[in-house]
file data14.pdb (PDB, C-alpha atoms)
ATOM      1  CA  MET X   1     -10.032   1.066 -19.180
ATOM      2  CA  GLY X   2      -8.224  -1.021 -16.554
ATOM      3  CA  LYS X   3      -8.418  -0.359 -12.835
ATOM      4  CA  ILE X   4      -5.754   0.395 -10.254
ATOM      5  CA  VAL X   5      -6.569  -1.755  -7.227
ATOM      6  CA  TYR X   6      -5.219   0.273  -4.312
ATOM      7  CA  LEU X   7      -4.563  -1.719  -1.141
ATOM      8  CA  MET X   8      -4.332   0.291   2.079
ATOM      9  CA  GLY X   9      -4.734   0.059   5.832
ATOM     10  CA  LYS X  10      -2.983   0.709   9.099
ATOM     11  CA  SER X  11       0.357  -0.949   9.812
ATOM     12  CA  SER X  12       0.323  -4.685  10.592
ATOM     13  CA  THR X  13      -3.158  -5.302   9.188
ATOM     14  CA  GLY X  14      -1.730  -7.962   6.881
ATOM     15  CA  LYS X  15      -1.565  -5.816   3.740
ATOM     16  CA  ASP X  16       1.728  -7.287   2.534
ATOM     17  CA  THR X  17       0.431 -10.860   2.791
ATOM     18  CA  ILE X  18      -2.816  -9.992   1.010
ATOM     19  CA  TYR X  19      -0.866  -8.082  -1.647
ATOM     20  CA  LYS X  20       1.309 -11.118  -2.376
ATOM     21  CA  ARG X  21      -1.643 -13.509  -2.488
ATOM     22  CA  LEU X  22      -3.559 -11.295  -4.914
ATOM     23  CA  LEU X  23      -0.544 -11.071  -7.222
ATOM     24  CA  GLU X  24      -0.167 -14.857  -7.123
ATOM     25  CA  ASP X  25      -3.811 -15.336  -8.167
ATOM     26  CA  GLY X  26      -3.566 -15.816 -11.928
ATOM     27  CA  SER X  27      -7.337 -15.531 -12.364
ATOM     28  CA  LEU X  28      -7.159 -11.859 -11.354
ATOM     29  CA  GLY X  29      -4.329 -11.037 -13.756
ATOM     30  CA  LEU X  30      -3.146  -8.078 -11.696
ATOM     31  CA  LYS X  31       0.126  -6.386 -12.579
ATOM     32  CA  ARG X  32       1.976  -4.790  -9.700
ATOM     33  CA  ILE X  33       2.824  -1.118  -9.366
ATOM     34  CA  VAL X  34       5.876  -1.048  -7.125
ATOM     35  CA  PRO X  35       6.214   2.081  -4.942
ATOM     36  CA  TYR X  36       9.522   3.543  -3.797
ATOM     37  CA  THR X  37      11.028   4.169  -0.373
ATOM     38  CA  THR X  38      14.228   5.558   1.106
ATOM     39  CA  ARG X  39      13.894   3.554   4.340
ATOM     40  CA  PRO X  40      16.358   0.736   5.068
ATOM     41  CA  VAL X  41      15.659  -2.714   3.657
ATOM     42  CA  ARG X  42      14.158  -5.065   6.254
ATOM     43  CA  ASP X  43      15.351  -8.634   6.705
ATOM     44  CA  GLY X  44      13.892 -10.800   3.945
ATOM     45  CA  GLU X  45      12.936  -7.918   1.629
ATOM     46  CA  LYS X  46      14.140  -7.743  -1.972
ATOM     47  CA  ASN X  47      14.403  -4.685  -4.163
ATOM     48  CA  GLY X  48      11.489  -4.564  -6.592
ATOM     49  CA  ASP X  49       9.130  -6.770  -4.569
ATOM     50  CA  GLU X  50       7.204  -4.600  -2.082
ATOM     51  CA  TYR X  51       9.322  -1.520  -2.858
ATOM     52  CA  PHE X  52      12.069  -0.103  -5.004
ATOM     53  CA  PHE X  53      14.686   1.003  -2.479
ATOM     54  CA  THR X  54      16.489   4.254  -3.176
ATOM     55  CA  ASP X  55      18.003   7.172  -1.260
ATOM     56  CA  GLU X  56      17.374  10.897  -0.928
ATOM     57  CA  SER X  57      19.413  11.753  -4.016
ATOM     58  CA  GLY X  58      17.459   9.184  -6.034
ATOM     59  CA  PHE X  59      14.187  10.722  -4.864
ATOM     60  CA  LEU X  60      15.341  14.260  -5.704
ATOM     61  CA  ALA X  61      16.492  13.193  -9.172
ATOM     62  CA  MET X  62      13.076  11.686  -9.978
ATOM     63  CA  LYS X  63      11.338  14.778  -8.578
ATOM     64  CA  GLU X  64      13.429  17.026 -10.805
ATOM     65  CA  GLN X  65      12.400  14.887 -13.787
ATOM     66  CA  GLY X  66       8.717  15.411 -12.875
ATOM     67  CA  LYS X  67       8.104  11.719 -12.242
ATOM     68  CA  ILE X  68       6.772  11.901  -8.660
ATOM     69  CA  ILE X  69       2.996  11.344  -8.413
ATOM     70  CA  GLU X  70       2.883  11.549  -4.626
ATOM     71  CA  ASP X  71       5.336  11.384  -1.747
ATOM     72  CA  ARG X  72       5.267  11.207   2.029
ATOM     73  CA  ALA X  73       8.127  12.091   4.384
ATOM     74  CA  TYR X  74       8.154  10.515   7.847
ATOM     75  CA  HIS X  75      10.385  11.959  10.550
ATOM     76  CA  THR X  76      11.395   8.722  12.248
ATOM     77  CA  PHE X  77      13.759   7.971  15.111
ATOM     78  CA  HIS X  78      16.293   7.039  12.419
ATOM     79  CA  GLY X  79      15.965  10.134  10.217
ATOM     80  CA  ILE X  80      13.597  11.042   7.372
ATOM     81  CA  TRP X  81      12.116   8.082   5.476
ATOM     82  CA  ARG X  82      10.301   8.792   2.232
ATOM     83  CA  TYR X  83       7.678   6.683   0.483
ATOM     84  CA  PHE X  84       6.545   7.687  -2.986
ATOM     85  CA  THR X  85       4.810   6.664  -6.186
ATOM     86  CA  ALA X  86       6.394   7.529  -9.520
ATOM     87  CA  ASP X  87       5.108   7.752 -13.076
ATOM     88  CA  ASP X  88       7.941   5.570 -14.333
ATOM     89  CA  GLY X  89       6.166   3.587 -17.043
ATOM     90  CA  GLN X  90       4.689   0.909 -14.797
ATOM     91  CA  THR X  91       1.100   1.916 -15.702
ATOM     92  CA  LYS X  92       1.507   2.580 -19.419
ATOM     93  CA  GLU X  93      -0.886  -0.238 -20.438
ATOM     94  CA  ARG X  94      -4.222   1.463 -19.766
ATOM     95  CA  ASP X  95      -6.255  -1.686 -20.449
ATOM     96  CA  ARG X  96      -4.456  -3.656 -17.714
ATOM     97  CA  ASN X  97      -5.608  -4.015 -14.116
ATOM     98  CA  TYR X  98      -2.923  -3.056 -11.629
ATOM     99  CA  LEU X  99      -2.306  -3.633  -7.929
ATOM    100  CA  THR X 100      -0.403  -1.374  -5.573
ATOM    101  CA  ILE X 101      -0.165  -0.703  -1.866
ATOM    102  CA  GLY X 102      -0.020   2.528   0.126
ATOM    103  CA  THR X 103      -1.661   4.800   2.677
ATOM    104  CA  LEU X 104      -4.945   6.667   2.667
ATOM    105  CA  GLU X 105      -3.097   9.902   1.934
ATOM    106  CA  SER X 106      -1.207   8.381  -0.993
ATOM    107  CA  TYR X 107      -4.439   6.860  -2.350
ATOM    108  CA  ARG X 108      -6.066  10.295  -2.501
ATOM    109  CA  LYS X 109      -3.123  11.773  -4.406
ATOM    110  CA  VAL X 110      -2.915   8.863  -6.854
ATOM    111  CA  LYS X 111      -6.682   9.152  -7.391
ATOM    112  CA  ASP X 112      -6.264  12.853  -8.185
ATOM    113  CA  TYR X 113      -3.511  11.985 -10.680
ATOM    114  CA  PHE X 114      -5.223   9.114 -12.537
ATOM    115  CA  GLY X 115      -8.893   9.989 -11.909
ATOM    116  CA  ALA X 116     -11.458   8.385  -9.598
ATOM    117  CA  ASP X 117     -12.920   6.224 -12.384
ATOM    118  CA  ARG X 118      -9.618   4.356 -12.695
ATOM    119  CA  MET X 119      -9.258   3.582  -8.977
ATOM    120  CA  LEU X 120     -10.580   0.631  -6.947
ATOM    121  CA  PRO X 121      -9.779   1.171  -3.241
ATOM    122  CA  VAL X 122      -9.367  -1.842  -0.937
ATOM    123  CA  MET X 123      -9.252  -0.852   2.754
ATOM    124  CA  ILE X 124      -7.944  -3.528   5.163
ATOM    125  CA  GLU X 125      -8.863  -3.290   8.849
ATOM    126  CA  LEU X 126      -7.931  -5.242  11.990
ATOM    127  CA  ASP X 127      -8.336  -4.897  15.750
ATOM    128  CA  ASP X 128      -5.668  -2.595  17.235
ATOM    129  CA  GLY X 129      -4.595  -5.134  19.864
ATOM    130  CA  ILE X 130      -3.888  -7.769  17.217
ATOM    131  CA  ARG X 131      -2.042  -5.214  15.087
ATOM    132  CA  LEU X 132       0.186  -4.180  17.984
ATOM    133  CA  ARG X 133       1.064  -7.789  18.783
ATOM    134  CA  ARG X 134       1.911  -8.483  15.135
ATOM    135  CA  ALA X 135       4.047  -5.344  14.899
ATOM    136  CA  LEU X 136       5.998  -6.301  18.006
ATOM    137  CA  GLU X 137       6.576  -9.855  16.771
ATOM    138  CA  ARG X 138       7.827  -8.527  13.427
ATOM    139  CA  GLU X 139      10.299  -6.164  15.088
ATOM    140  CA  GLN X 140      11.554  -8.862  17.446
ATOM    141  CA  ALA X 141      12.403 -10.980  14.406
ATOM    142  CA  GLN X 142      14.619  -8.240  12.932
ATOM    143  CA  GLU X 143      18.384  -8.326  13.416
ATOM    144  CA  ALA X 144      18.234  -4.721  14.647
ATOM    145  CA  PRO X 145      14.697  -4.060  15.997
ATOM    146  CA  ARG X 146      13.444  -0.470  15.743
ATOM    147  CA  TYR X 147      10.911  -0.381  18.578
ATOM    148  CA  GLU X 148      10.714   3.415  18.772
ATOM    149  CA  GLU X 149       9.787   3.616  15.096
ATOM    150  CA  MET X 150       7.242   0.813  15.526
ATOM    151  CA  CYS X 151       5.507   2.788  18.292
ATOM    152  CA  ARG X 152       5.625   6.057  16.334
ATOM    153  CA  ARG X 153       4.044   4.423  13.323
ATOM    154  CA  PHE X 154       1.365   2.675  15.366
ATOM    155  CA  LEU X 155       0.300   5.957  17.008
ATOM    156  CA  ALA X 156       0.464   7.913  13.732
ATOM    157  CA  ASP X 157      -1.972   5.440  12.146
ATOM    158  CA  SER X 158      -4.766   6.689  14.407
ATOM    159  CA  GLU X 159      -4.472  10.137  12.857
ATOM    160  CA  ASP X 160      -3.648   9.025   9.310
ATOM    161  CA  PHE X 161      -6.670   6.694   9.162
ATOM    162  CA  ALA X 162      -9.116   8.821  11.142
ATOM    163  CA  GLU X 163     -12.728   8.016  10.317
ATOM    164  CA  GLU X 164     -13.424  11.428   8.797
ATOM    165  CA  LYS X 165     -10.434  11.066   6.457
ATOM    166  CA  ILE X 166     -11.635   7.642   5.306
ATOM    167  CA  LEU X 167     -15.058   9.090   4.497
ATOM    168  CA  GLU X 168     -13.554  12.149   2.763
ATOM    169  CA  ALA X 169     -11.523   9.820   0.530
ATOM    170  CA  GLY X 170     -14.736   8.150  -0.617
ATOM    171  CA  ILE X 171     -13.927   4.736   0.869
ATOM    172  CA  LYS X 172     -17.223   2.829   1.096
ATOM    173  CA  VAL X 173     -16.117  -0.807   1.344
ATOM    174  CA  ARG X 174     -13.786  -2.217   4.009
ATOM    175  CA  PHE X 175     -12.402  -5.690   4.665
ATOM    176  CA  GLU X 176     -11.759  -7.097   8.154
ATOM    177  CA  ASN X 177      -8.651  -9.304   8.145
ATOM    178  CA  ASP X 178      -9.460 -11.380  11.236
ATOM    179  CA  ASP X 179      -9.517 -14.490   9.016
ATOM    180  CA  LEU X 180      -7.069 -14.338   6.109
ATOM    181  CA  GLN X 181      -8.788 -16.824   3.792
ATOM    182  CA  ARG X 182     -12.231 -15.311   4.290
ATOM    183  CA  CYS X 183     -10.842 -11.797   3.808
ATOM    184  CA  LEU X 184      -9.004 -12.815   0.639
ATOM    185  CA  GLY X 185     -12.148 -14.413  -0.753
ATOM    186  CA  GLN X 186     -14.144 -11.238  -0.168
ATOM    187  CA  ILE X 187     -11.473  -9.084  -1.785
ATOM    188  CA  ARG X 188     -11.192 -11.379  -4.829
ATOM    189  CA  ARG X 189     -14.957 -11.202  -5.385
ATOM    190  CA  TYR X 190     -14.919  -7.422  -4.962
ATOM    191  CA  ILE X 191     -12.143  -7.032  -7.551
ATOM    192  CA  ALA X 192     -13.848  -9.398 -10.002
ATOM    193  CA  GLU X 193     -17.177  -7.596  -9.666
ATOM    194  CA  ASN X 194     -15.663  -4.141 -10.166
ATOM    195  CA  THR X 195     -13.244  -4.770 -13.035
ATOM    196  CA  ASP X 196     -13.469  -6.280 -16.511
ATOM    197  CA  ILE X 197     -12.472  -9.626 -14.922
ATOM    198  CA  GLY X 198     -16.063 -10.099 -13.807
ATOM    199  CA  ARG X 199     -17.393  -9.442 -17.317
ATOM    200  CA  LYS X 200     -15.237 -11.978 -19.166
TER     201      LYS X 200
END
call {"tool": "encode", "arguments": {"input": "data14.pdb", "output": "structure tokens"}}
result
Amino acid sequence: MGKIVYLMGKSSTGKDTIYKRLLEDGSLGLKRIVPYTTRPVRDGEKNGDEYFFTDESGFLAMKEQGKIIEDRAYHTFHGIWRYFTADDGQTKERDRNYLTIGTLESYRKVKDYFGADRMLPVMIELDDGIRLRRALEREQAQEAPRYEEMCRRFLADSEDFAEEKILEAGIKVRFENDDLQRCLGQIRRYIAENTDIGRK
């Protein structure tokens, strides 16, 4: 049985960069699971890369069809933004290894849906000061910066990734992203050692 490599961490820990690099690594052979969101598209984003972008009616239609595995609703300064994972056929090949990205809360729900034996959690961590600087730089680069939402998300991370919640989710291995290449190397070895990649 293949594994679902689940990448998670607080905002601005470098998850998106690590996600892209892991997908580009042909030796890992990971197939992406693309989550959904109703938030606005950021500058430089493309539908189907990090997310499938939809709206509230699209979310409700999939929910009515019983396709929603997990969903989170965030009351932002710009209205409700949803993020969700759907059983839409992306994981039908059970012998494949997959890669997706989400939160600690979404990881727990996806684990409940697929089973713990199919999951391989990858928790990314980074100093809060560095994260805040990165978040600010990213917003400043946007055509219409959303500073209030950036601050809300940064503060919410402290609660969402509280130490007790990490332990309750069964997360035992964490990766510090203070050096991207070193962090990527550690994650690649971890994936290889805990999937069929390491046994080929």
call {"tool": "atom_distance", "arguments": {"input": "data14.pdb", "atom1": "atom CA of His78 of chain X", "atom2": "atom CA of Pro40 of chain X"}}
result
9.7 Å
call {"tool": "atom_distance", "arguments": {"input": "data14.pdb", "atom1": "atom CA of Ile187 of chain X", "atom2": "atom CA of Leu28 of chain X"}}
result
10.9 Å
call {"tool": "atom_distance", "arguments": {"input": "data14.pdb", "atom1": "atom CA of Glu137 of chain X", "atom2": "atom CA of Thr17 of chain X"}}
result
15.3 Å
call {"tool": "closest_residue", "arguments": {"input": "data14.pdb", "among": "X:Gly89, X:Ala156, X:Asp71, X:Glu125", "to": "Leu180 of chain X", "atoms": "only C-alpha atoms"}}
result
X:Glu125
call {"tool": "closest_residue", "arguments": {"input": "data14.pdb", "among": "X:Ala86, X:Met1, X:Ala141, X:Ile18", "to": "Gly66 of chain X", "atoms": "all atoms listed in the file"}}
result
X:Ala86
call {"tool": "resolve_selection", "arguments": {"input": "data14.pdb", "expression": "the PyMOL selection byres ((chain X and resi 46-54) around 7)", "output": "list in words"}}
result
Val34, Pro35, Tyr36, Thr37, Thr38, Gly44, Glu45, Asp55 and Gly58 of chain X
call {"tool": "residues_around", "arguments": {"input": "data14.pdb", "residues": "segment 160-162 of chain X", "least_positions_apart": "3", "cutoff": "9 Å", "atoms": "only C-alpha atoms", "output": "short mmCIF file (atom, residue, chain, number, x, y, z; two decimals) with C-alpha atoms, in the coordinates of the input"}}
result
data_model
loop_
_atom_site.label_atom_id
_atom_site.label_comp_id
_atom_site.auth_asym_id
_atom_site.auth_seq_id
_atom_site.Cartn_x
_atom_site.Cartn_y
_atom_site.Cartn_z
CA GLY X 9 -4.73 0.06 5.83
CA LYS X 10 -2.98 0.71 9.10
CA THR X 103 -1.66 4.80 2.68
CA LEU X 104 -4.94 6.67 2.67
CA GLU X 105 -3.10 9.90 1.93
CA ALA X 156 0.46 7.91 13.73
CA ASP X 157 -1.97 5.44 12.15
CA LYS X 165 -10.43 11.07 6.46
CA ILE X 166 -11.64 7.64 5.31
CA LEU X 167 -15.06 9.09 4.50
#
call {"tool": "residues_around", "arguments": {"input": "data14.pdb", "residues": "Asp178 of chain X", "least_positions_apart": "2", "cutoff": "12 Å", "atoms": "only C-alpha atoms", "output": "PyMOL selection string"}}
result
chain X and resi 12-14+124-131+175-176+180-184
call {"tool": "decode", "arguments": {"input": "data14.pdb", "residues": "segment 28-121 of chain X", "atoms": "C-alpha atoms", "output": "PDB file, in the first residue's frame"}}
result
ATOM      1  CA  LEU X  28      10.564  10.023  -4.949  1.00  0.00           C
ATOM      2  CA  GLY X  29       7.823   9.511  -7.534  1.00  0.00           C
ATOM      3  CA  LEU X  30       5.236  11.383  -5.483  1.00  0.00           C
ATOM      4  CA  LYS X  31       1.883  12.218  -7.033  1.00  0.00           C
ATOM      5  CA  ARG X  32       0.209  15.343  -5.735  1.00  0.00           C
ATOM      6  CA  ILE X  33      -3.147  15.508  -3.994  1.00  0.00           C
ATOM      7  CA  VAL X  34      -4.388  19.024  -4.656  1.00  0.00           C
ATOM      8  CA  PRO X  35      -6.623  20.498  -1.916  1.00  0.00           C
ATOM      9  CA  TYR X  36      -9.366  23.043  -2.532  1.00  0.00           C
ATOM     10  CA  THR X  37      -9.950  26.574  -1.279  1.00  0.00           C
ATOM     11  CA  THR X  38     -12.504  29.344  -1.690  1.00  0.00           C
ATOM     12  CA  ARG X  39      -9.997  32.111  -0.888  1.00  0.00           C
ATOM     13  CA  PRO X  40      -8.915  34.521  -3.637  1.00  0.00           C
ATOM     14  CA  VAL X  41      -6.056  33.527  -5.921  1.00  0.00           C
ATOM     15  CA  ARG X  42      -2.768  35.180  -4.931  1.00  0.00           C
ATOM     16  CA  ASP X  43      -0.444  36.776  -7.463  1.00  0.00           C
ATOM     17  CA  GLY X  44       1.502  34.056  -9.266  1.00  0.00           C
ATOM     18  CA  GLU X  45      -0.806  31.180  -8.272  1.00  0.00           C
ATOM     19  CA  LYS X  46      -2.394  28.887 -10.854  1.00  0.00           C
ATOM     20  CA  ASN X  47      -5.485  26.763 -10.453  1.00  0.00           C
ATOM     21  CA  GLY X  48      -4.515  23.140  -9.870  1.00  0.00           C
ATOM     22  CA  ASP X  49      -0.998  23.825  -8.570  1.00  0.00           C
ATOM     23  CA  GLU X  50      -1.149  24.436  -4.801  1.00  0.00           C
ATOM     24  CA  TYR X  51      -4.966  24.497  -4.785  1.00  0.00           C
ATOM     25  CA  PHE X  52      -8.086  24.054  -6.842  1.00  0.00           C
ATOM     26  CA  PHE X  53      -9.863  27.395  -6.490  1.00  0.00           C
ATOM     27  CA  THR X  54     -13.628  27.317  -6.138  1.00  0.00           C
ATOM     28  CA  ASP X  55     -16.395  29.262  -4.394  1.00  0.00           C
ATOM     29  CA  GLU X  56     -18.983  28.594  -1.704  1.00  0.00           C
ATOM     30  CA  SER X  57     -21.467  27.077  -4.144  1.00  0.00           C
ATOM     31  CA  GLY X  58     -18.763  24.749  -5.470  1.00  0.00           C
ATOM     32  CA  PHE X  59     -17.953  23.637  -1.927  1.00  0.00           C
ATOM     33  CA  LEU X  60     -21.625  23.036  -1.084  1.00  0.00           C
ATOM     34  CA  ALA X  61     -22.153  21.018  -4.268  1.00  0.00           C
ATOM     35  CA  MET X  62     -19.238  18.696  -3.429  1.00  0.00           C
ATOM     36  CA  LYS X  63     -20.474  18.381   0.164  1.00  0.00           C
ATOM     37  CA  GLU X  64     -23.922  17.375  -1.054  1.00  0.00           C
ATOM     38  CA  GLN X  65     -22.283  14.708  -3.228  1.00  0.00           C
ATOM     39  CA  GLY X  66     -20.486  13.317  -0.145  1.00  0.00           C
ATOM     40  CA  LYS X  67     -17.032  14.076  -1.525  1.00  0.00           C
ATOM     41  CA  ILE X  68     -15.666  16.225   1.330  1.00  0.00           C
ATOM     42  CA  ILE X  69     -13.090  14.412   3.500  1.00  0.00           C
ATOM     43  CA  GLU X  70     -12.367  17.404   5.718  1.00  0.00           C
ATOM     44  CA  ASP X  71     -12.950  21.143   5.638  1.00  0.00           C
ATOM     45  CA  ARG X  72     -11.945  24.211   7.606  1.00  0.00           C
ATOM     46  CA  ALA X  73     -13.713  27.585   7.588  1.00  0.00           C
ATOM     47  CA  TYR X  74     -11.699  30.672   8.532  1.00  0.00           C
ATOM     48  CA  HIS X  75     -13.498  33.891   9.412  1.00  0.00           C
ATOM     49  CA  THR X  76     -11.069  36.349   7.852  1.00  0.00           C
ATOM     50  CA  PHE X  77     -11.134  40.119   7.485  1.00  0.00           C
ATOM     51  CA  HIS X  78     -12.361  39.483   3.932  1.00  0.00           C
ATOM     52  CA  GLY X  79     -15.160  37.016   4.716  1.00  0.00           C
ATOM     53  CA  ILE X  80     -15.215  33.234   5.184  1.00  0.00           C
ATOM     54  CA  TRP X  81     -12.428  31.331   3.406  1.00  0.00           C
ATOM     55  CA  ARG X  82     -12.714  27.562   3.202  1.00  0.00           C
ATOM     56  CA  TYR X  83      -9.955  25.008   2.699  1.00  0.00           C
ATOM     57  CA  PHE X  84     -10.900  21.391   2.117  1.00  0.00           C
ATOM     58  CA  THR X  85      -9.822  17.976   0.901  1.00  0.00           C
ATOM     59  CA  ALA X  86     -12.118  16.005  -1.383  1.00  0.00           C
ATOM     60  CA  ASP X  87     -12.369  12.353  -2.361  1.00  0.00           C
ATOM     61  CA  ASP X  88     -12.437  13.252  -6.042  1.00  0.00           C
ATOM     62  CA  GLY X  89     -10.455  10.367  -7.518  1.00  0.00           C
ATOM     63  CA  GLN X  90      -6.993  11.799  -6.917  1.00  0.00           C
ATOM     64  CA  THR X  91      -6.034   8.902  -4.591  1.00  0.00           C
ATOM     65  CA  LYS X  92      -7.605   5.993  -6.460  1.00  0.00           C
ATOM     66  CA  GLU X  93      -4.240   4.274  -7.119  1.00  0.00           C
ATOM     67  CA  ARG X  94      -3.636   2.696  -3.710  1.00  0.00           C
ATOM     68  CA  ASP X  95      -0.129   1.504  -4.602  1.00  0.00           C
ATOM     69  CA  ARG X  96       1.072   5.047  -5.377  1.00  0.00           C
ATOM     70  CA  ASN X  97       2.780   7.395  -2.934  1.00  0.00           C
ATOM     71  CA  TYR X  98       1.076  10.767  -2.728  1.00  0.00           C
ATOM     72  CA  LEU X  99       2.011  14.219  -1.458  1.00  0.00           C
ATOM     73  CA  THR X 100      -0.341  16.843  -0.094  1.00  0.00           C
ATOM     74  CA  ILE X 101      -0.204  19.892   2.127  1.00  0.00           C
ATOM     75  CA  GLY X 102      -2.456  21.086   4.942  1.00  0.00           C
ATOM     76  CA  THR X 103      -2.832  21.893   8.627  1.00  0.00           C
ATOM     77  CA  LEU X 104      -2.539  19.760  11.731  1.00  0.00           C
ATOM     78  CA  GLU X 105      -6.323  19.680  12.027  1.00  0.00           C
ATOM     79  CA  SER X 106      -6.772  18.587   8.413  1.00  0.00           C
ATOM     80  CA  TYR X 107      -4.068  15.921   8.835  1.00  0.00           C
ATOM     81  CA  ARG X 108      -5.980  14.348  11.723  1.00  0.00           C
ATOM     82  CA  LYS X 109      -9.203  14.202   9.707  1.00  0.00           C
ATOM     83  CA  VAL X 110      -7.504  12.782   6.609  1.00  0.00           C
ATOM     84  CA  LYS X 111      -5.788  10.200   8.835  1.00  0.00           C
ATOM     85  CA  ASP X 112      -9.178   9.200  10.254  1.00  0.00           C
ATOM     86  CA  TYR X 113     -10.533   8.837   6.705  1.00  0.00           C
ATOM     87  CA  PHE X 114      -7.682   6.822   5.144  1.00  0.00           C
ATOM     88  CA  GLY X 115      -6.237   5.152   8.266  1.00  0.00           C
ATOM     89  CA  ALA X 116      -3.031   5.861  10.191  1.00  0.00           C
ATOM     90  CA  ASP X 117      -1.093   3.116   8.380  1.00  0.00           C
ATOM     91  CA  ARG X 118      -1.466   4.997   5.091  1.00  0.00           C
ATOM     92  CA  MET X 119      -0.226   8.351   6.420  1.00  0.00           C
ATOM     93  CA  LEU X 120       3.324   9.737   6.654  1.00  0.00           C
ATOM     94  CA  PRO X 121       3.259  13.119   8.449  1.00  0.00           C
TER      95      PRO X 121
END
